[in-house]
There are 2 protein chains.
Amino acid sequence: MKVNGRLYRSIWLEEDGKVGIIDQRFLPHRFVLEWINSASHMQIAIKEMHLRGAIVIGVSGAYGVYLAAKESEGNIERFNELVEKVRSARPTAVNLSWAVERVLSRIKMEDAGRWDDVVELCREEANKIWEEELLRSKRIGEVGVKIIEEVFKRKQDTVQILTHCNAGWLACVDYGTATAPIYEAYARGIPVHVWVDETRPRNQGARLTAWELLNQGISHTIIADNTGGLLMQRGMVDLVIVGADRVSRRGDVANKIGTYLKALAARDNGVPFYVALPSSTFDLSLCNGLDEIPIEERDPDEVRFIQGLTEEGEIKRVLLTPRDSSALNYAFDVTPFNLITGLITEKGIIPAREDAIVGLLKEDV
Amino acid sequence: MKVNGRLYRSIWLEEDGKVGIIDQRFLPHRFVLEWINSASHMQIAIKEMHLRGAIVIGVSGAYGVYLAAKESEGNIERFNELVEKVRSARPTAVNLSWAVERVLSRIKMEDAGRWDDVVELCREEANKIWEEELLRSKRIGEVGVKIIEEVFKRKQDTVQILTHCNAGWLACVDYGTATAPIYEAYARGIPVHVWVDETRPRNQGARLTAWELLNQGISHTIIADNTGGLLMQRGMVDLVIVGADRVSRRGDVANKIGTYLKALAARDNGVPFYVALPSSTFDLSLCNGLDEIPIEERDPDEVRFIQGLTEEGEIKRVLLTPRDSSALNYAFDVTPFNLITGLITEKGIIPAREDAIVGLLKEDV
């Protein structure tokens with residue numbers, strides 16, 4: 001997608017073997033690129049959230065193995081050590097260990113002779129993961145755009161879409177998940193307007209989704225997370241599309257905290273509520289998502305403090321609450337299957353129902 | 001209620017005829033008192049929101065008329081001019097013009113001879129309004145505490161109450177509306193814990209409600225507005241109690257934006273949802289609150305910027321969004337009557353139903 005009119009991806013391999021990323025920590029106030037040339041540097045970038053979002057974290061892990069291979073120059077012990085550093089950068093990120101493992105198994109499978117071949121295999125496999133994720137997001141857009149097209153055909157006016165958090169291209173290699181159908185609709189000339197939930201406490205909506213849409217030239221308006229209910233009561237929302245962090249076998253969706261409240265308002269006002277996700281987000285080992293999906297509890301200071309740009313142009317953190325008041329910071333909630341109109345995946349749109357989900361995944365076998 | 005261990009009201013008349021207020025603009029970071037000795041000063045205090053909250057604004061208006069009387073020293077033209085200044089300080093605040101009118105009609109009724117008597121009548125009537133509001137809030141607490149007592153009897157453990165925005169003592173003369181039953185429960189030794197919605201965009205929960213509870217020594221935890229749904233799903237909320245800005249004849253409640261989303265979550269999880277209000281908040285001229293209650297749209301910069309305390313101890317405003325992204329800032333939403341368990345008023349608890357509301361108000365006749 002575009003930044004200041006130029007095309008970017010959230011992560012990419014340069015010809016000289018360095019990995020380029022967008023350092024998301026300073027967005028939307030500063031657009032900072034970073035070039036990463038060692039596994040330790042990649043570990044820091046993941047750990048300190050220069051990049052975030054399940055898919056990007058996975059791809060960074062894959063490139064981290066490639067950097068480890070280059071750097072260790074045939075010293076297997078050193079290589080393993082560096083790989084472990086990368087793998088453990090974010091302990092709860094499932095995609096990270098999955099991608100690291102996939103690159104490692106490629107080396108084992110091919111049993112390369114010279115170390116240069118090992119490095120080359122790592123590069124190839126990481127690039128393959130990168131490309132697969134890119135195409136998967138693009139495909140989610142092509143599948144999901146049909147829903148937006150239908151609303152436009154009926155309404156013959158701007159399609160009003162509400163989204164929560166950032167399931168955008170910054171969280172993927174490109175296109176995003178929840179945003180992919182929106183970008184595709186825009187590319188096809190369908191008039192869209194996006195209501196961007198600011199998404200407290202980390203404000204990924206106000207900071208990242210709004211920034212993405214602004215750079216792409218897509219009409220959007222930032223709202224407090226409290227506002228979506230009123231907009232739906234007033235008929236100002238045609239569709240809700242959100243992303244997902246994990247989806248259970250029966251279709252319960254864990255996503256950024258607050259998603260559940262928007263799903264309740266959507267049902268109460270007859271607004272279709274869609275979840276866009278790559279099929280790798282399904283976790284068939286879980287049935288009842290409300291009981292079984294673990295919810296990450298994060299630092300309460302993310303609620304108590306916030307970062308913003310001062311009038312002097314400095315990025316500063318300010319305290320929002322009484323210093324001695326405590327806060328609680330759950331990162332996700334679970335939206336039960338019965339509030340979900342449909343799941344938009346790269347393989348098609350299905351209802352949030354066990355038979356449909358199991359059926360969709362069986363096609364892989 | 002207490003601040004740093006000492007008793008305060010949000011507004012009071014000093015013996016020397018000055019009006020004392022808590023300047024709420026710097027809370028929770030700085031506790032600033034202000035003494036007001038002229039009608040023009042009172043106009044500024046109301047207009048620039050040194051104080052906010054319907055009831056306090058009304059009482060300030062009444063004292064504003066008293067200050068105008070003192071100041072004008074019998075010059076009727078000057079008096080009327082100053083009264084108009086006070087009355088127009090916040091054009092949409094119904095309580096303000098109501099209280100100003102009430103003091104004026106007292107003067108007319110009694111037809112005082114000397115100007116000193118006029119000043120004295122204004123002082124008396126303003127003090128009367130002050131005392132009535134104080135007692136009304138206290139009474140809401142005594143009525144509403146029964147609900148908390150019932151939960152405690154059943155549960156025999158800390159009663160978990162969620163509230164939204166600040167319907168606390170800072171918004172009234174004392175006690176508050178939504179908080180009044182909580183303060184009363186605490187005074188009676190019932191263990192309570194309050195989940196405080198931060199209440200974006202103006203953060204009245206994180207700034208004011210949390211500060212009130214902290215000073216009173218009541219256990220509380222600040223949460224992002226997104227969090228209440230998950231807490232209810234997990235059985236961590238026994239009761240929701242919120243305030244109201246206007247309630248229609250059939251029981252639809254206009255309150256701070258986001259209230260509706262919490263009411264939906266309460267219904268979905270079987271959590272009782274109460275609204276606490278003085279009976280003056282009913283507006284029998286409106287039936288369907290969703291269509292008929294006008295919703296104030298405020299400056300979008302309240303969403304785009306936020307004020308907080310820097311590490312250096314300065315109160316600063318920071319930008320949260322891309323500079324060129326727009327925002328929308330509705331201040332209230334409407335919770336339909338069918339989501340409300342009961343209305344806690346100074347005259348008793350009633351269902352949100354036309355016959356009950358009309359019946360309650362008939363008692364006044």
# chains A, B, ... in the order shown; residues from 1 in each chain; ligands from 1

$ residues_around --residues "Ile140 (chain A)" --least-positions-apart "5" --cutoff "7 Å" --atoms "only C-alpha atoms" --output "list in words"
Thr177, Ala180, Pro181, Ile344, Thr345 and Glu346 of chain A

$ write_last_selection --atoms "N, CA and C atoms" --output "tab-separated table (two decimals), in the first residue's frame"
chain	number	residue	atom	x	y	z
A	177	THR	N	-6.12	-7.85	6.69
A	177	THR	CA	-7.22	-8.82	6.67
A	177	THR	C	-8.54	-8.04	6.64
A	180	ALA	N	-8.41	-5.54	3.88
A	180	ALA	CA	-8.17	-6.01	2.51
A	180	ALA	C	-9.40	-5.81	1.61
A	181	PRO	N	-10.61	-6.20	2.06
A	181	PRO	CA	-11.79	-5.96	1.20
A	181	PRO	C	-12.04	-4.46	0.97
A	344	ILE	N	-14.75	-14.16	6.64
A	344	ILE	CA	-14.15	-13.94	5.32
A	344	ILE	C	-12.75	-14.53	5.34
A	345	THR	N	-12.51	-15.61	4.60
A	345	THR	CA	-11.17	-16.21	4.55
A	345	THR	C	-10.67	-16.18	3.11
A	346	GLU	N	-9.40	-16.53	2.94
A	346	GLU	CA	-8.84	-16.52	1.58
A	346	GLU	C	-9.48	-17.61	0.71

$ residues_around --residues "Asp117 (chain A)" --least-positions-apart "5" --cutoff "12 Å" --atoms "only C-alpha atoms" --output "list of chain:residue names"
A:Tyr66, A:Ala69, A:Lys70, A:Glu73, A:Gly74, A:Arg106, A:Ile107, A:Lys108, A:Glu110, A:Asp111, A:Ala112, A:Cys122, A:Arg123, A:Glu124

$ closest_atom_pairs --of "region 133-234 of chain A" --to "region 305-326 of chain B" --cutoff "8 Å" --atoms "only C-alpha atoms" --output "CSV"
residue,atom,partner,partner_atom,distance
A:Ala206,CA,B:Thr321,CA,5.2
A:Arg207,CA,B:Thr321,CA,5.4
A:Ala210,CA,B:Ser325,CA,6.7
A:Trp211,CA,B:Pro322,CA,6.0
A:Leu214,CA,B:Ser325,CA,6.7
A:His220,CA,B:Ser326,CA,7.2
A:Thr221,CA,B:Ser326,CA,5.1
A:Ile222,CA,B:Ser326,CA,6.2

$ atom_distance --atom1 "CA of Ile22 (chain B)" --atom2 "CA of Gly53 (chain B)"
12.5 Å

$ residues_around --residues "region 245-249 of chain B" --least-positions-apart "5" --cutoff "7 Å" --atoms "only C-alpha atoms" --output "JSON, numbers by chain"
{"B": [254, 255, 281, 282, 283, 284, 286, 287, 288, 289, 354, 357]}

$ write_last_selection --atoms "all heavy atoms" --output "mmCIF file, in the first residue's frame"
data_model
loop_
_atom_site.group_PDB
_atom_site.id
_atom_site.type_symbol
_atom_site.label_atom_id
_atom_site.label_comp_id
_atom_site.auth_asym_id
_atom_site.auth_seq_id
_atom_site.Cartn_x
_atom_site.Cartn_y
_atom_site.Cartn_z
ATOM 1 N N ALA B 254 -30.797 9.107 27.846
ATOM 2 C CA ALA B 254 -29.632 9.730 27.211
ATOM 3 C C ALA B 254 -28.566 9.888 28.276
ATOM 4 O O ALA B 254 -28.810 10.447 29.346
ATOM 5 C CB ALA B 254 -29.996 11.088 26.622
ATOM 6 N N ASN B 255 -27.392 9.372 28.004
ATOM 7 C CA ASN B 255 -26.271 9.503 28.934
ATOM 8 C C ASN B 255 -24.996 9.515 28.097
ATOM 9 O O ASN B 255 -25.026 9.379 26.881
ATOM 10 C CB ASN B 255 -26.285 8.353 29.953
ATOM 11 C CG ASN B 255 -25.304 8.572 31.085
ATOM 12 O OD1 ASN B 255 -25.217 9.651 31.647
ATOM 13 N ND2 ASN B 255 -24.526 7.547 31.417
ATOM 14 N N THR B 281 -34.692 15.029 36.029
ATOM 15 C CA THR B 281 -34.062 14.640 34.766
ATOM 16 C C THR B 281 -35.067 14.063 33.759
ATOM 17 O O THR B 281 -34.779 13.936 32.579
ATOM 18 C CB THR B 281 -32.929 13.626 35.057
ATOM 19 O OG1 THR B 281 -32.065 14.196 36.043
ATOM 20 C CG2 THR B 281 -32.101 13.312 33.840
ATOM 21 N N PHE B 282 -36.264 13.683 34.251
ATOM 22 C CA PHE B 282 -37.284 13.182 33.321
ATOM 23 C C PHE B 282 -37.779 14.326 32.445
ATOM 24 O O PHE B 282 -37.952 15.453 32.913
ATOM 25 C CB PHE B 282 -38.475 12.591 34.088
ATOM 26 C CG PHE B 282 -38.147 11.313 34.788
ATOM 27 C CD1 PHE B 282 -38.056 11.264 36.182
ATOM 28 C CD2 PHE B 282 -37.935 10.144 34.063
ATOM 29 C CE1 PHE B 282 -37.749 10.083 36.836
ATOM 30 C CE2 PHE B 282 -37.634 8.955 34.713
ATOM 31 C CZ PHE B 282 -37.533 8.926 36.101
ATOM 32 N N ASP B 283 -37.992 14.023 31.179
ATOM 33 C CA ASP B 283 -38.561 15.009 30.265
ATOM 34 C C ASP B 283 -39.801 14.387 29.629
ATOM 35 O O ASP B 283 -39.723 13.666 28.633
ATOM 36 C CB ASP B 283 -37.523 15.389 29.205
ATOM 37 C CG ASP B 283 -38.031 16.472 28.279
ATOM 38 O OD1 ASP B 283 -39.265 16.707 28.252
ATOM 39 O OD2 ASP B 283 -37.211 17.085 27.575
ATOM 40 N N LEU B 284 -40.962 14.665 30.235
ATOM 41 C CA LEU B 284 -42.201 14.006 29.803
ATOM 42 C C LEU B 284 -42.659 14.476 28.420
ATOM 43 O O LEU B 284 -43.521 13.847 27.810
ATOM 44 C CB LEU B 284 -43.317 14.249 30.826
ATOM 45 C CG LEU B 284 -43.098 13.621 32.216
ATOM 46 C CD1 LEU B 284 -44.361 13.745 33.053
ATOM 47 C CD2 LEU B 284 -42.692 12.157 32.112
ATOM 48 N N LEU B 286 -40.971 14.231 25.818
ATOM 49 C CA LEU B 286 -40.405 13.326 24.815
ATOM 50 C C LEU B 286 -40.863 11.906 25.097
ATOM 51 O O LEU B 286 -40.911 11.485 26.251
ATOM 52 C CB LEU B 286 -38.875 13.356 24.864
ATOM 53 C CG LEU B 286 -38.225 14.728 24.735
ATOM 54 C CD1 LEU B 286 -36.714 14.585 24.842
ATOM 55 C CD2 LEU B 286 -38.603 15.363 23.407
ATOM 56 N N CYS B 287 -41.197 11.164 24.050
ATOM 57 C CA CYS B 287 -41.583 9.771 24.258
ATOM 58 C C CYS B 287 -40.461 8.836 23.799
ATOM 59 O O CYS B 287 -39.765 8.241 24.597
ATOM 60 C CB CYS B 287 -42.888 9.477 23.528
ATOM 61 S SG CYS B 287 -43.386 7.768 23.805
ATOM 62 N N ASN B 288 -40.232 8.759 22.467
ATOM 63 C CA ASN B 288 -39.183 7.899 21.923
ATOM 64 C C ASN B 288 -37.845 8.635 21.984
ATOM 65 O O ASN B 288 -37.555 9.491 21.149
ATOM 66 C CB ASN B 288 -39.542 7.529 20.486
ATOM 67 C CG ASN B 288 -38.488 6.629 19.860
ATOM 68 O OD1 ASN B 288 -37.319 6.629 20.265
ATOM 69 N ND2 ASN B 288 -38.890 5.837 18.892
ATOM 70 N N GLY B 289 -37.053 8.268 22.989
ATOM 71 C CA GLY B 289 -35.787 8.969 23.213
ATOM 72 C C GLY B 289 -34.817 8.818 22.060
ATOM 73 O O GLY B 289 -34.011 9.708 21.786
ATOM 74 N N GLU B 354 -43.453 3.935 31.050
ATOM 75 C CA GLU B 354 -44.201 5.191 31.053
ATOM 76 C C GLU B 354 -45.110 5.348 32.280
ATOM 77 O O GLU B 354 -45.089 6.389 32.950
ATOM 78 C CB GLU B 354 -45.025 5.319 29.767
ATOM 79 C CG GLU B 354 -45.795 6.630 29.721
ATOM 80 C CD GLU B 354 -46.271 6.997 28.321
ATOM 81 O OE1 GLU B 354 -45.925 6.291 27.361
ATOM 82 O OE2 GLU B 354 -46.980 8.006 28.198
ATOM 83 N N ILE B 357 -43.122 6.106 35.432
ATOM 84 C CA ILE B 357 -42.480 7.430 35.415
ATOM 85 C C ILE B 357 -43.524 8.520 35.631
ATOM 86 O O ILE B 357 -43.349 9.408 36.469
ATOM 87 C CB ILE B 357 -41.723 7.641 34.075
ATOM 88 C CG1 ILE B 357 -40.532 6.688 33.998
ATOM 89 C CG2 ILE B 357 -41.263 9.087 33.933
ATOM 90 C CD1 ILE B 357 -39.864 6.602 32.642
#

$ select_by_dssp --residues "region 213-323 of chain A" --states "strand (DSSP E)" --output "NGL selection string"
:A and (220-223 or 239-242 or 246-248 or 253-256 or 273-276 or 282-283 or 305-309 or 315-319)

$ write_last_selection --atoms "C-alpha atoms" --output "JSON list (two decimals), in the first residue's frame"
[["chain", "number", "residue", "atom", "x", "y", "z"],
["A", 220, "HIS", "CA", -12.34, 7.81, 7.04],
["A", 221, "THR", "CA", -13.29, 9.26, 10.42],
["A", 222, "ILE", "CA", -11.78, 8.37, 13.79],
["A", 223, "ILE", "CA", -14.26, 7.79, 16.62],
["A", 239, "LEU", "CA", -21.11, -3.22, 7.69],
["A", 240, "VAL", "CA", -18.67, -4.08, 10.45],
["A", 241, "ILE", "CA", -15.45, -5.85, 9.41],
["A", 242, "VAL", "CA", -12.84, -6.79, 12.02],
["A", 246, "ARG", "CA", -7.84, -16.84, 17.15],
["A", 247, "VAL", "CA", -11.09, -18.54, 16.09],
["A", 248, "SER", "CA", -12.43, -21.65, 17.80],
["A", 253, "VAL", "CA", -13.66, -15.08, 17.67],
["A", 254, "ALA", "CA", -10.94, -13.74, 19.94],
["A", 255, "ASN", "CA", -10.01, -10.27, 18.76],
["A", 256, "LYS", "CA", -8.92, -6.93, 20.25],
["A", 273, "PHE", "CA", -20.84, -8.24, 11.37],
["A", 274, "TYR", "CA", -17.97, -9.90, 9.48],
["A", 275, "VAL", "CA", -14.61, -11.22, 10.63],
["A", 276, "ALA", "CA", -11.76, -11.40, 8.07],
["A", 282, "PHE", "CA", -8.63, -21.24, 13.14],
["A", 283, "ASP", "CA", -7.73, -23.34, 16.14],
["A", 305, "PHE", "CA", -0.44, 6.46, 30.20],
["A", 306, "ILE", "CA", -0.68, 7.38, 26.54],
["A", 307, "GLN", "CA", 1.83, 8.52, 23.94],
["A", 308, "GLY", "CA", 1.19, 11.47, 21.66],
["A", 309, "LEU", "CA", 2.76, 14.40, 19.87],
["A", 315, "ILE", "CA", 6.57, 12.33, 21.07],
["A", 316, "LYS", "CA", 5.75, 12.18, 24.79],
["A", 317, "ARG", "CA", 4.01, 9.87, 27.22],
["A", 318, "VAL", "CA", 1.48, 11.48, 29.57],
["A", 319, "LEU", "CA", -0.36, 10.18, 32.64]]

$ closest_residue --among "B:Gly243, B:Pro278, B:Gly229, B:Gly235" --to "Leu261 (chain A)" --atoms "only C-alpha atoms"
B:Gly229

$ atom_distance --atom1 "CA of Asp291 (chain B)" --atom2 "CA of Met236 (chain A)"
14.2 Å
